[in-house]
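**Q** Have a peek at entry_29.cif (mmCIF, C-alpha atoms).
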data_run
loop_
_atom_site.label_atom_id
_atom_site.label_comp_id
_atom_site.auth_asym_id
_atom_site.auth_seq_id
_atom_site.Cartn_x
_atom_site.Cartn_y
_atom_site.Cartn_z
CA MET A 1 0.00 0.00 0.00
CA GLN A 2 1.38 3.39 -0.93
CA THR A 3 0.88 6.28 1.47
CA THR A 4 0.39 9.65 -0.11
CA SER A 5 3.21 11.93 0.94
CA ASP A 6 2.54 15.07 2.92
CA GLU A 7 3.87 17.14 0.03
CA VAL A 8 1.40 15.60 -2.41
CA LEU A 9 -1.41 16.22 0.08
CA ILE A 10 -0.38 19.87 0.35
CA GLY A 11 -0.50 20.12 -3.46
CA ARG A 12 -4.03 18.76 -3.43
CA ILE A 13 -5.06 21.03 -0.55
CA ALA A 14 -3.79 23.97 -2.60
CA GLY A 15 -6.31 22.89 -5.22
CA GLY A 16 -9.13 22.91 -2.64
CA ASP A 17 -9.23 19.16 -1.90
CA ARG A 18 -11.09 18.86 1.40
CA LEU A 19 -10.40 15.14 1.71
CA ALA A 20 -6.65 15.73 1.46
CA MET A 21 -7.05 18.21 4.30
CA GLN A 22 -8.79 15.56 6.40
CA VAL A 23 -5.96 13.10 5.76
CA LEU A 24 -3.29 15.65 6.67
CA PHE A 25 -5.21 16.61 9.82
CA ALA A 26 -5.63 12.99 10.87
CA ARG A 27 -1.92 12.38 10.31
CA HIS A 28 -0.53 15.32 12.26
CA HIS A 29 -3.07 16.90 14.59
CA VAL A 30 -2.09 14.98 17.74
CA ARG A 31 1.58 15.92 17.54
CA VAL A 32 0.80 19.54 16.68
CA TYR A 33 -1.66 19.63 19.59
CA ARG A 34 0.92 18.27 22.03
CA PHE A 35 3.55 20.74 20.82
CA VAL A 36 1.14 23.63 21.33
CA LEU A 37 -0.14 22.28 24.65
CA ARG A 38 3.39 22.14 26.06
CA MET A 39 3.73 25.81 25.16
CA VAL A 40 0.37 27.25 26.26
CA ARG A 41 -0.35 24.72 29.06
CA ASN A 42 -4.10 24.96 28.51
CA GLU A 43 -6.04 22.23 26.71
CA ALA A 44 -8.91 24.43 25.49
CA THR A 45 -6.48 27.02 24.11
CA ALA A 46 -4.40 24.29 22.47
CA GLU A 47 -7.51 22.87 20.77
CA ASP A 48 -8.50 26.29 19.47
CA LEU A 49 -5.00 26.85 18.21
CA ILE A 50 -4.69 23.63 16.24
CA SER A 51 -7.77 24.46 14.21
CA GLU A 52 -6.16 27.85 13.51
CA VAL A 53 -2.90 26.16 12.52
CA PHE A 54 -4.60 23.83 10.07
CA LEU A 55 -6.74 26.67 8.73
CA ASP A 56 -3.48 28.48 7.90
CA VAL A 57 -2.26 25.32 6.19
CA TRP A 58 -5.45 25.31 4.11
CA ARG A 59 -5.04 28.97 3.22
CA GLN A 60 -1.29 28.93 2.57
CA ALA A 61 -0.89 25.52 0.93
CA GLU A 62 -0.41 27.14 -2.46
CA LYS A 63 2.60 29.06 -1.12
CA PHE A 64 4.29 26.00 0.36
CA GLU A 65 7.54 25.57 -1.56
CA GLY A 66 8.73 22.28 -0.11
CA ARG A 67 11.95 23.73 1.28
CA SER A 68 11.22 21.98 4.58
CA ALA A 69 9.18 18.95 5.58
CA VAL A 70 5.45 19.64 5.90
CA SER A 71 5.55 18.68 9.59
CA THR A 72 8.34 21.22 10.15
CA TRP A 73 6.36 23.90 8.36
CA MET A 74 3.28 23.14 10.47
CA LEU A 75 5.27 23.27 13.71
CA SER A 76 6.57 26.70 12.67
CA ILE A 77 3.01 27.91 12.18
CA ALA A 78 1.96 26.28 15.47
CA ARG A 79 4.80 27.94 17.35
CA PHE A 80 3.88 31.35 15.96
CA LYS A 81 0.21 30.85 16.89
CA ALA A 82 1.08 29.69 20.41
CA LEU A 83 3.40 32.63 21.06
CA SER A 84 0.73 35.04 19.77
CA ALA A 85 -1.85 33.44 22.05
CA LEU A 86 0.49 33.74 25.04
CA ARG A 87 1.01 37.40 24.28
CA ARG A 88 -2.74 37.98 23.89
CA ARG A 89 -3.35 36.23 27.18
CA GLY A 90 -0.81 38.46 28.83
CA GLU A 91 1.03 35.40 30.03
CA GLU A 92 4.50 35.89 28.71
CA GLU A 93 6.81 32.97 29.12
CA LEU A 94 7.64 32.32 32.73
CA ASP A 95 11.24 32.66 33.73
CA ASP A 96 12.95 29.70 35.36
CA GLU A 97 12.56 30.97 38.90
CA THR A 98 8.85 31.67 38.58
CA ALA A 99 8.18 28.34 36.93
CA ALA A 100 10.17 26.56 39.58
CA ALA A 101 8.33 28.42 42.33
CA ILE A 102 4.93 27.51 40.88
CA GLU A 103 5.77 23.88 40.36
CA ASP A 104 7.95 23.37 43.39
CA HIS A 105 6.19 20.67 45.36
CA ALA A 106 9.10 20.28 47.75
CA ASP A 107 7.65 17.88 50.26
CA ASP A 108 4.61 16.42 48.61
CA PRO A 109 4.26 12.67 48.13
CA GLU A 110 4.70 12.96 44.38
CA VAL A 111 8.22 14.31 44.83
CA ALA A 112 9.02 11.69 47.44
CA LEU A 113 7.95 9.02 44.97
CA ALA A 114 9.87 10.71 42.17
CA LYS A 115 13.05 10.40 44.17
CA LYS A 116 12.59 6.66 44.12
CA ASP A 117 11.69 6.51 40.46
CA LYS A 118 14.31 8.20 38.31
CA GLY A 119 12.09 8.20 35.23
CA ALA A 120 9.27 9.95 37.04
CA ALA A 121 11.74 12.45 38.49
CA LEU A 122 13.10 13.17 35.02
CA ARG A 123 9.59 13.72 33.67
CA GLN A 124 8.75 16.07 36.51
CA CYS A 125 11.93 18.04 35.85
CA LEU A 126 11.06 18.23 32.15
CA THR A 127 7.85 20.06 33.09
CA ARG A 128 9.83 22.49 35.22
CA LEU A 129 12.10 23.67 32.42
CA SER A 130 11.64 27.16 30.98
CA ALA A 131 9.43 27.45 27.89
CA GLU A 132 12.51 27.92 25.70
CA HIS A 133 14.17 24.79 27.05
CA ARG A 134 10.96 22.70 26.96
CA GLU A 135 10.50 23.68 23.36
CA ILE A 136 13.93 22.58 22.17
CA ILE A 137 13.85 19.33 24.14
CA ASP A 138 10.44 18.48 22.65
CA LEU A 139 11.47 19.37 19.10
CA VAL A 140 14.61 17.25 19.24
CA TYR A 141 13.44 14.26 21.25
CA TYR A 142 9.71 13.99 20.55
CA HIS A 143 9.22 15.66 17.19
CA GLU A 144 12.49 14.20 15.86
CA LYS A 145 13.68 17.41 14.24
CA SER A 146 17.24 17.79 12.98
CA VAL A 147 19.49 20.68 13.98
CA GLU A 148 18.64 22.44 10.72
CA GLU A 149 14.91 21.91 11.16
CA VAL A 150 14.91 23.18 14.74
CA ALA A 151 16.82 26.25 13.55
CA GLY A 152 14.12 26.84 10.95
CA ILE A 153 11.23 26.39 13.36
CA VAL A 154 12.63 28.48 16.21
CA GLY A 155 14.34 31.03 13.97
CA ILE A 156 17.85 30.78 15.42
CA PRO A 157 21.23 29.77 13.94
CA GLU A 158 22.17 26.09 13.98
CA ALA A 159 25.05 26.73 16.39
CA THR A 160 22.57 28.32 18.81
CA VAL A 161 20.33 25.27 18.51
CA LYS A 162 23.16 23.07 19.79
CA THR A 163 24.08 25.53 22.55
CA ARG A 164 20.47 25.87 23.66
CA MET A 165 20.04 22.12 23.74
CA PHE A 166 23.17 21.82 25.86
CA TYR A 167 21.89 24.38 28.38
CA ALA A 168 18.43 22.78 28.46
CA ARG A 169 20.04 19.44 29.32
CA LYS A 170 22.32 21.09 31.86
CA LYS A 171 19.31 22.69 33.54
CA LEU A 172 17.62 19.31 33.60
CA SER A 173 20.62 17.85 35.43
CA GLU A 174 20.52 20.72 37.94
CA LEU A 175 16.82 20.16 38.61
CA LEU A 176 17.46 16.45 39.11
CA LYS A 177 20.27 17.25 41.51
CA GLU A 178 17.84 19.35 43.56
CA GLN A 179 15.77 16.19 43.85
CA GLY A 180 18.77 14.27 45.09
CA ILE A 181 19.67 12.59 41.77
CA ASP A 182 23.22 13.33 40.68
CA ARG A 183 23.84 12.24 37.10
CA GLY A 184 27.55 13.10 37.21
CA TRP A 185 27.08 15.48 34.30
CA PRO A 186 27.93 18.18 33.25
CA MET B 1 42.46 13.84 28.24
CA ASN B 2 44.10 16.73 26.38
CA THR B 3 42.36 19.87 25.15
CA ALA B 4 42.15 18.73 21.53
CA ASN B 5 40.44 15.54 22.60
CA GLU B 6 38.10 17.47 24.92
CA ASP B 7 37.15 19.78 22.03
CA GLY B 8 36.53 16.77 19.82
CA ARG B 9 34.41 15.16 22.50
CA SER B 10 32.47 18.38 23.01
CA GLU B 11 31.62 18.60 19.31
CA ILE B 12 30.55 14.98 19.24
CA GLU B 13 28.76 15.32 22.58
CA ASP B 14 26.68 18.18 21.18
CA LEU B 15 25.36 15.76 18.57
CA LEU B 16 24.33 13.02 21.01
CA PRO B 17 20.67 14.15 21.35
CA TRP B 18 20.23 14.01 17.59
CA HIS B 19 22.08 10.72 17.37
CA ALA B 20 19.71 9.23 19.94
CA ALA B 21 16.71 10.58 18.01
CA GLY B 22 18.10 9.20 14.74
CA THR B 23 18.14 12.57 12.97
CA LEU B 24 21.83 12.90 12.09
CA ASN B 25 23.04 12.41 8.55
CA PRO B 26 24.89 9.11 7.94
CA ARG B 27 28.35 10.72 8.05
CA GLU B 28 27.70 12.40 11.42
CA ALA B 29 26.05 9.29 12.79
CA GLN B 30 29.13 7.27 11.84
CA SER B 31 31.46 9.75 13.58
CA VAL B 32 29.36 9.63 16.74
CA GLN B 33 29.18 5.84 16.65
CA ALA B 34 32.98 5.59 16.31
CA ALA B 35 33.52 8.04 19.19
CA LEU B 36 31.08 6.14 21.40
CA ALA B 37 32.90 2.90 20.73
CA SER B 38 36.24 4.33 21.81
CA ASP B 39 35.26 6.68 24.65
CA PRO B 40 33.59 5.06 27.69
CA GLU B 41 32.84 8.43 29.34
CA LEU B 42 31.09 9.63 26.18
CA ALA B 43 29.15 6.37 26.09
CA ARG B 44 28.07 6.94 29.70
CA ARG B 45 26.86 10.43 28.82
CA TYR B 46 25.02 9.00 25.82
CA GLU B 47 23.02 6.82 28.21
CA LEU B 48 21.89 10.00 29.99
CA VAL B 49 20.72 11.39 26.65
CA ARG B 50 18.78 8.21 25.95
CA GLU B 51 17.09 8.44 29.33
CA GLU B 52 16.03 12.00 28.50
CA LEU B 53 14.74 10.90 25.10
CA ALA B 54 12.71 8.07 26.62
CA GLN B 55 11.16 10.24 29.31
CA THR B 56 10.39 13.10 26.90
CA ILE B 57 8.48 10.68 24.70
CA HIS B 58 6.76 9.22 27.77
CA LEU B 59 5.76 12.68 28.97
CA ASN B 60 4.41 13.79 25.59
CA GLU B 61 2.51 10.54 25.09
CA THR B 62 0.61 11.19 28.33
CA LEU B 63 -0.66 14.54 27.05
CA GLY B 64 -3.62 12.96 25.31
CA ALA B 65 -5.24 14.13 22.11
CA PRO B 66 -7.61 16.93 21.17
CA SER B 67 -11.34 16.30 21.16
CA PRO B 68 -13.32 15.99 17.90
CA ARG B 69 -14.34 19.59 18.53
CA ALA B 70 -11.01 20.73 17.03
CA MET B 71 -11.67 19.01 13.71
CA ALA B 72 -15.29 20.21 13.63
CA ALA B 73 -14.15 23.78 14.27
CA LEU B 74 -11.53 23.54 11.53
CA PHE B 75 -13.91 22.28 8.87
CA ALA B 76 -16.59 24.79 9.85
CA LYS B 77 -14.01 27.49 9.18
CA ILE B 78 -12.92 25.87 5.92
CA ASP B 79 -16.54 25.68 4.78
CA ALA B 80 -16.85 29.40 5.44
CA GLU B 81 -13.84 30.13 3.21
CA PRO B 82 -14.36 31.27 -0.40
CA VAL B 83 -14.58 28.34 -2.81
CA ARG B 84 -11.33 27.76 -4.67
CA SER B 85 -10.91 27.53 -8.39
CA ALA B 86 -11.49 24.02 -9.69
CA ALA B 87 -8.15 24.08 -11.50
CA PRO B 88 -5.53 23.41 -8.85
CA SER B 89 -2.49 25.62 -8.83
CA ILE B 90 0.08 23.20 -7.54
CA ASN B 91 3.67 24.37 -7.47
CA LEU B 92 6.25 22.77 -9.72
CA ALA B 93 7.90 20.70 -7.01
CA ALA B 94 4.57 19.22 -5.98
CA ARG B 95 3.71 18.50 -9.61
CA ILE B 96 7.01 16.66 -10.08
CA ARG B 97 6.51 14.68 -6.87
CA GLU B 98 2.98 13.73 -7.87
CA PHE B 99 4.14 12.85 -11.36
CA PHE B 100 6.76 10.44 -10.02
CA ALA B 101 4.31 9.11 -7.48
CA SER B 102 1.96 8.19 -10.31
CA LEU B 103 4.61 6.40 -12.37
CA SER B 104 6.38 3.12 -11.83
CA PRO B 105 9.71 3.42 -13.64
CA ARG B 106 11.81 0.28 -13.57
CA THR B 107 14.54 1.77 -11.39
CA LEU B 108 12.03 3.02 -8.85
CA ALA B 109 10.27 -0.31 -8.94
CA TRP B 110 13.51 -2.19 -8.37
CA SER B 111 14.63 -0.05 -5.45
CA ALA B 112 11.17 -0.05 -3.93
CA GLY B 113 11.02 -3.80 -4.43
CA ALA B 114 14.38 -4.30 -2.75
CA ALA B 115 13.36 -2.12 0.18
CA ALA B 116 10.04 -3.92 0.49
CA LEU B 117 11.79 -7.29 0.37
CA ALA B 118 14.13 -6.24 3.18
CA ILE B 119 11.16 -5.13 5.29
CA VAL B 120 9.26 -8.32 4.55
CA LEU B 121 12.29 -10.43 5.44
CA GLN B 122 12.76 -8.62 8.72
CA ALA B 123 9.04 -8.87 9.47
CA ALA B 124 9.15 -12.58 8.59
CA VAL B 125 12.07 -13.19 10.93
CA ILE B 126 10.41 -11.29 13.75
CA GLY B 127 7.05 -12.90 13.02
CA GLY B 128 8.76 -16.29 13.03
CA ILE B 129 10.22 -15.59 16.43
CA VAL B 130 6.82 -14.61 17.77
CA LEU B 131 5.19 -17.76 16.40
CA LYS B 132 8.04 -19.94 17.59
CA GLU B 133 7.80 -18.52 21.06
CA GLN B 134 4.05 -18.84 21.12
CA SER B 135 4.09 -22.41 19.95
CA ALA B 136 6.97 -23.45 22.17
CA GLY B 137 5.72 -21.50 25.13
CA SER B 138 9.16 -19.96 25.51
CA TYR B 139 9.76 -17.42 28.21
CA GLN B 140 6.38 -18.07 29.81
CA THR B 141 5.77 -19.17 33.31
CA ALA B 142 2.90 -21.28 34.55
CA SER B 143 1.21 -18.12 35.75
CA VAL B 144 1.12 -16.75 32.20
CA SER B 145 -0.54 -19.34 30.08
CA GLY B 146 -1.44 -17.18 27.10
CA SER B 147 0.30 -14.42 25.26
CA ALA B 148 -2.92 -12.45 25.12
CA SER B 149 -3.29 -12.44 28.85
CA GLY B 150 -1.66 -9.04 29.10
CA GLU B 151 0.42 -10.19 32.08
CA GLY B 152 4.14 -9.51 32.09
CA ALA B 153 6.50 -6.60 31.82
CA TYR B 154 6.75 -4.75 28.54
CA ALA B 155 8.83 -2.13 26.78
CA LEU B 156 8.54 -0.14 23.58
CA ILE B 157 11.53 -0.58 21.33
CA ARG B 158 12.78 0.81 18.04
CA PHE B 159 15.70 -0.96 16.40
CA GLN B 160 18.58 0.90 14.78
CA PRO B 161 17.82 1.28 11.06
CA GLN B 162 21.16 -0.28 10.18
CA ALA B 163 20.58 -3.35 12.37
CA SER B 164 20.26 -6.50 10.29
CA ALA B 165 17.50 -9.05 10.80
CA ALA B 166 20.12 -11.50 12.10
CA GLU B 167 21.32 -9.00 14.71
CA VAL B 168 17.75 -8.29 15.82
CA THR B 169 17.05 -12.01 16.08
CA ASN B 170 20.18 -12.57 18.09
CA PHE B 171 19.37 -9.65 20.37
CA LEU B 172 15.84 -10.95 21.05
CA GLU B 173 17.02 -14.49 21.71
CA THR B 174 19.98 -13.51 23.87
CA ASN B 175 17.83 -11.31 26.07
CA LYS B 176 14.84 -13.67 26.08
CA LEU B 177 12.52 -11.04 24.63
CA SER B 178 9.38 -11.67 22.66
CA ILE B 179 7.60 -9.26 20.39
CA ALA B 180 4.03 -8.71 21.56
CA SER B 181 2.93 -6.32 18.84
CA GLY B 182 4.18 -3.93 16.20
CA PRO B 183 5.58 -2.34 14.30
CA ALA B 184 3.50 0.73 15.19
CA ALA B 185 4.05 4.28 13.92
CA GLY B 186 7.72 5.18 14.07
CA GLY B 187 8.80 1.54 13.78
CA LEU B 188 8.05 0.86 17.45
CA TYR B 189 7.58 -2.70 18.68
CA ARG B 190 6.08 -3.71 22.02
CA VAL B 191 8.27 -6.42 23.49
CA ARG B 192 7.71 -8.54 26.56
CA ILE B 193 10.78 -8.55 28.72
CA ALA B 194 9.47 -10.65 31.58
CA ALA B 195 6.60 -13.10 31.94
CA THR B 196 5.36 -11.45 35.12
CA LYS B 197 4.92 -7.85 36.11
CA LEU B 198 8.09 -6.30 37.51
CA PRO B 199 8.40 -3.53 40.08
CA ALA B 200 9.03 -0.19 38.32
CA ALA B 201 12.62 0.01 39.56
CA ASP B 202 13.43 -3.50 38.29
CA LEU B 203 11.78 -2.75 34.95
CA ASP B 204 13.83 0.45 34.61
CA ARG B 205 17.03 -1.43 35.40
CA ARG B 206 16.24 -4.10 32.83
CA VAL B 207 15.40 -1.50 30.17
CA GLN B 208 18.58 0.41 30.95
CA SER B 209 20.69 -2.68 30.47
CA LEU B 210 19.01 -3.36 27.12
CA GLN B 211 19.63 0.22 26.02
CA SER B 212 23.32 -0.44 25.70
CA ASP B 213 22.90 -2.96 22.90
CA LYS B 214 23.96 -1.63 19.50
CA VAL B 215 20.77 -2.78 17.75
CA VAL B 216 18.59 -0.66 20.05
CA GLY B 217 17.70 2.78 18.77
CA PHE B 218 15.16 3.58 21.46
CA ILE B 219 13.62 1.69 24.34
CA ALA B 220 11.30 2.71 27.17
CA PRO B 221 9.13 0.86 29.67
CA THR B 222 5.45 0.60 28.84
CA ASP B 223 2.32 -1.01 30.23
#
Please go through the file and, once you have read it, give me the structure as structure tokens.

**A**
Amino acid sequence: MQTTSDEVLIGRIAGGDRLAMQVLFARHHVRVYRFVLRMVRNEATAEDLISEVFLDVWRQAEKFEGRSAVSTWMLSIARFKALSALRRRGEEELDDETAAAIEDHADDPEVALAKKDKGAALRQCLTRLSAEHREIIDLVYYHEKSVEEVAGIVGIPEATVKTRMFYARKKLSELLKEQGIDRGWP
Amino acid sequence: MNTANEDGRSEIEDLLPWHAAGTLNPREAQSVQAALASDPELARRYELVREELAQTIHLNETLGAPSPRAMAALFAKIDAEPVRSAAPSINLAARIREFFASLSPRTLAWSAGAAALAIVLQAAVIGGIVLKEQSAGSYQTASVSGSASGEGAYALIRFQPQASAAEVTNFLETNKLSIASGPAAGGLYRVRIAATKLPAADLDRRVQSLQSDKVVGFIAPTD
């Protein structure tokens, strides 16, 4: 069975093919939703935003030049929409200290359990990263984007992508250390 | 270690997250693989990267999915858009891609055929292992009489693209693993790593030890 490529679907969408739009939506909406949700941290807002993202895809399909993967292009649109929504909401990205203060459950049972379970501790620390660091970790590890693709989505040079990833990982190690887990790095 | 070596390690170390995610080009991937083979400290740090990768996937997979409301809202908006011209204006690149997609030139057919054969062979080997284990009752205890019982400890695994079917077979047999389902999206298989449920800490330890095998691209505990 041959699967129609995303690029071919975009070509059909440019011609007004509603079915192609349904296929593209079915293929990508969960990942786009999760990317947006990790940025805006509100399910209702994330749902509203993904319909806006795919509406932009519908409207701009004709302009898509295929210089990046369709999924990369959609994540770029999604990122822009999420940042705009955060600005509208007056909830600019939280700095590290504020985020840590909000999500610092120092003595609660969840943290106590996390200390025993390294995986759970790591996941909890991932939620405590700054928006900038969460974003790059998600793009690299979950959305499987290359250095070049991340640079395109976030709008930063490739060297900065690597540096930012290094500092995101370093911060993760620091947060784990606060929970009593020393990874011996960096 | 001298400064030149440290600089070299740093450059390679920067690439580890992408190596773990499988998004490096073949040349970079080869450099990283060679460095990992010769530098135990780098290999130790690579394990940290793989832990991060596994837990990032785990975290994102727990975020759920949007409700059908999102799709309904999208198509309501699309329906409200002006109707497009019947003649599609597809850009040149898309036209070329669609053109090739519609043809079956001999070279494309041969390469596609070879790729398909490789996939079928690998699937056959893996399928054979599953059947063999099911029929022989391998790796099952008296408390787990059927593979569909859902009992046991499981992990999600993706094999390295360059791993051969023989290497995968050997890996599964050596570690007494059986494939429960797959491949799912992203080439993920669900493998049973123990016939009975394991405590989370034991499961993590087992998964961590499997991570070090060269045929493993990604592995994480699952239900």

**Q** For atom CA of Ser178 of chain B and atom CA of Arg192 of chain B, quote the distance in Å rounded to one decimal.

**A** 5.3 Å

**Q** Under the rule that only C-alpha atoms are counted, which of A:Val30, A:Asn42, A:Ala82, A:Ile13 is the nearest residue to chain B?

**A**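 Closest residue, counting only C-alpha atoms: A:Val30.
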
**Q** Kindly give the distance, in Å, that separates atom CA of Thr4 of chain A and atom CA of Val32 of chain A, rounded to a single decimal.

**A** 19.5 Å

**Q** I'd like to know which of B:Lys214, B:Asp39, B:Ile219, B:Tyr154 is closest to Ile12 of chain B, using all atoms listed in the file.

**A**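 Selected residue with least distance to Ile12 of chain B: B:Asp39.
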
**Q** Pick out the closest residue to chain B from this set: A:Val147, A:Met39, A:Ala131, A:Ala20. Count only C-alpha atoms.

**A**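 For chain B, the nearest of the candidates is A:Val147.
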
**Q** What is the atom CA of Glu52 of chain A-atom CA of Leu139 of chain A distance in Å, reported with one decimal?

**A**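 Between atom CA of Glu52 of chain A and atom CA of Leu139 of chain A the gap works out to 20.3 Å.
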
**Q** Output the residue selection produced by the PyMOL selection byres ((chain B and resi 31) around 12) on the file above, formatted as a list in words.

**A**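 Given this file, the PyMOL selection byres ((chain B and resi 31) around 12) evaluates to Gly8, Arg9, Glu11, Ile12, Glu13, Leu15, Leu16, His19, Leu24, Asn25, Pro26, Arg27, Glu28, Ala29, Gln30, Val32, Gln33, Ala34, Ala35, Leu36, Ala37 and Ser38 of chain B.
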
**Q** Determine the residue set returned by the PyMOL selection byres ((chain B and resi 17) around 10) for the present structure, and present it as a count of residues only.

**A** 27

**Q** Please evaluate the PyMOL selection byres ((chain A and resi 68) around 12) against the structure above and give the resulting residues as a list in words.

**A** Asp6, Glu7, Phe64, Glu65, Gly66, Arg67, Ala69, Val70, Ser71, Thr72, Trp73, Met74, Leu75, Ser76, Lys145, Ser146, Glu148, Glu149, Val150, Ala151, Gly152 and Ile153 of chain A

**Q** Could you check which of A:Cys125, A:Leu176, A:Val57, A:Ala168 is closest to Arg18 of chain A, using only C-alpha atoms?

**A**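 Of all the options, A:Val57 lies closest to Arg18 of chain A.
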
**Q** So, with only C-alpha atoms as the atoms that count, which of A:Lys81, A:Arg183, A:Arg89, A:Arg38 lies closest to Leu126 of chain A?

**A** A:Arg38

**Q** Using only C-alpha atoms for the distances, tell me which of A:Arg27, A:Arg164, A:Arg87, A:Arg123 is nearest to chain B.

**A**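 Counting only C-alpha atoms, the residue closest to chain B is A:Arg123.
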
**Q** Residues within 12 Å of Val191 of chain B, please, as a PyMOL selection string. Count all atoms listed in the file; anything in the same chain fewer than 5 positions from it doesn't count.

**A** chain B and resi 126+129-130+147+150+152-159+171-172+175-184+207+210+219-223

**Q** Would you output that residue set with C-alpha atoms, as a CSV table (one decimal), in the frame of the given file?

**A**
chain,number,residue,atom,x,y,z
B,126,ILE,CA,10.4,-11.3,13.8
B,129,ILE,CA,10.2,-15.6,16.4
B,130,VAL,CA,6.8,-14.6,17.8
B,147,SER,CA,0.3,-14.4,25.3
B,150,GLY,CA,-1.7,-9.0,29.1
B,152,GLY,CA,4.1,-9.5,32.1
B,153,ALA,CA,6.5,-6.6,31.8
B,154,TYR,CA,6.8,-4.8,28.5
B,155,ALA,CA,8.8,-2.1,26.8
B,156,LEU,CA,8.5,-0.1,23.6
B,157,ILE,CA,11.5,-0.6,21.3
B,158,ARG,CA,12.8,0.8,18.0
B,159,PHE,CA,15.7,-1.0,16.4
B,171,PHE,CA,19.4,-9.6,20.4
B,172,LEU,CA,15.8,-11.0,21.0
B,175,ASN,CA,17.8,-11.3,26.1
B,176,LYS,CA,14.8,-13.7,26.1
B,177,LEU,CA,12.5,-11.0,24.6
B,178,SER,CA,9.4,-11.7,22.7
B,179,ILE,CA,7.6,-9.3,20.4
B,180,ALA,CA,4.0,-8.7,21.6
B,181,SER,CA,2.9,-6.3,18.8
B,182,GLY,CA,4.2,-3.9,16.2
B,183,PRO,CA,5.6,-2.3,14.3
B,184,ALA,CA,3.5,0.7,15.2
B,207,VAL,CA,15.4,-1.5,30.2
B,210,LEU,CA,19.0,-3.4,27.1
B,219,ILE,CA,13.6,1.7,24.3
B,220,ALA,CA,11.3,2.7,27.2
B,221,PRO,CA,9.1,0.9,29.7
B,222,THR,CA,5.4,0.6,28.8
B,223,ASP,CA,2.3,-1.0,30.2
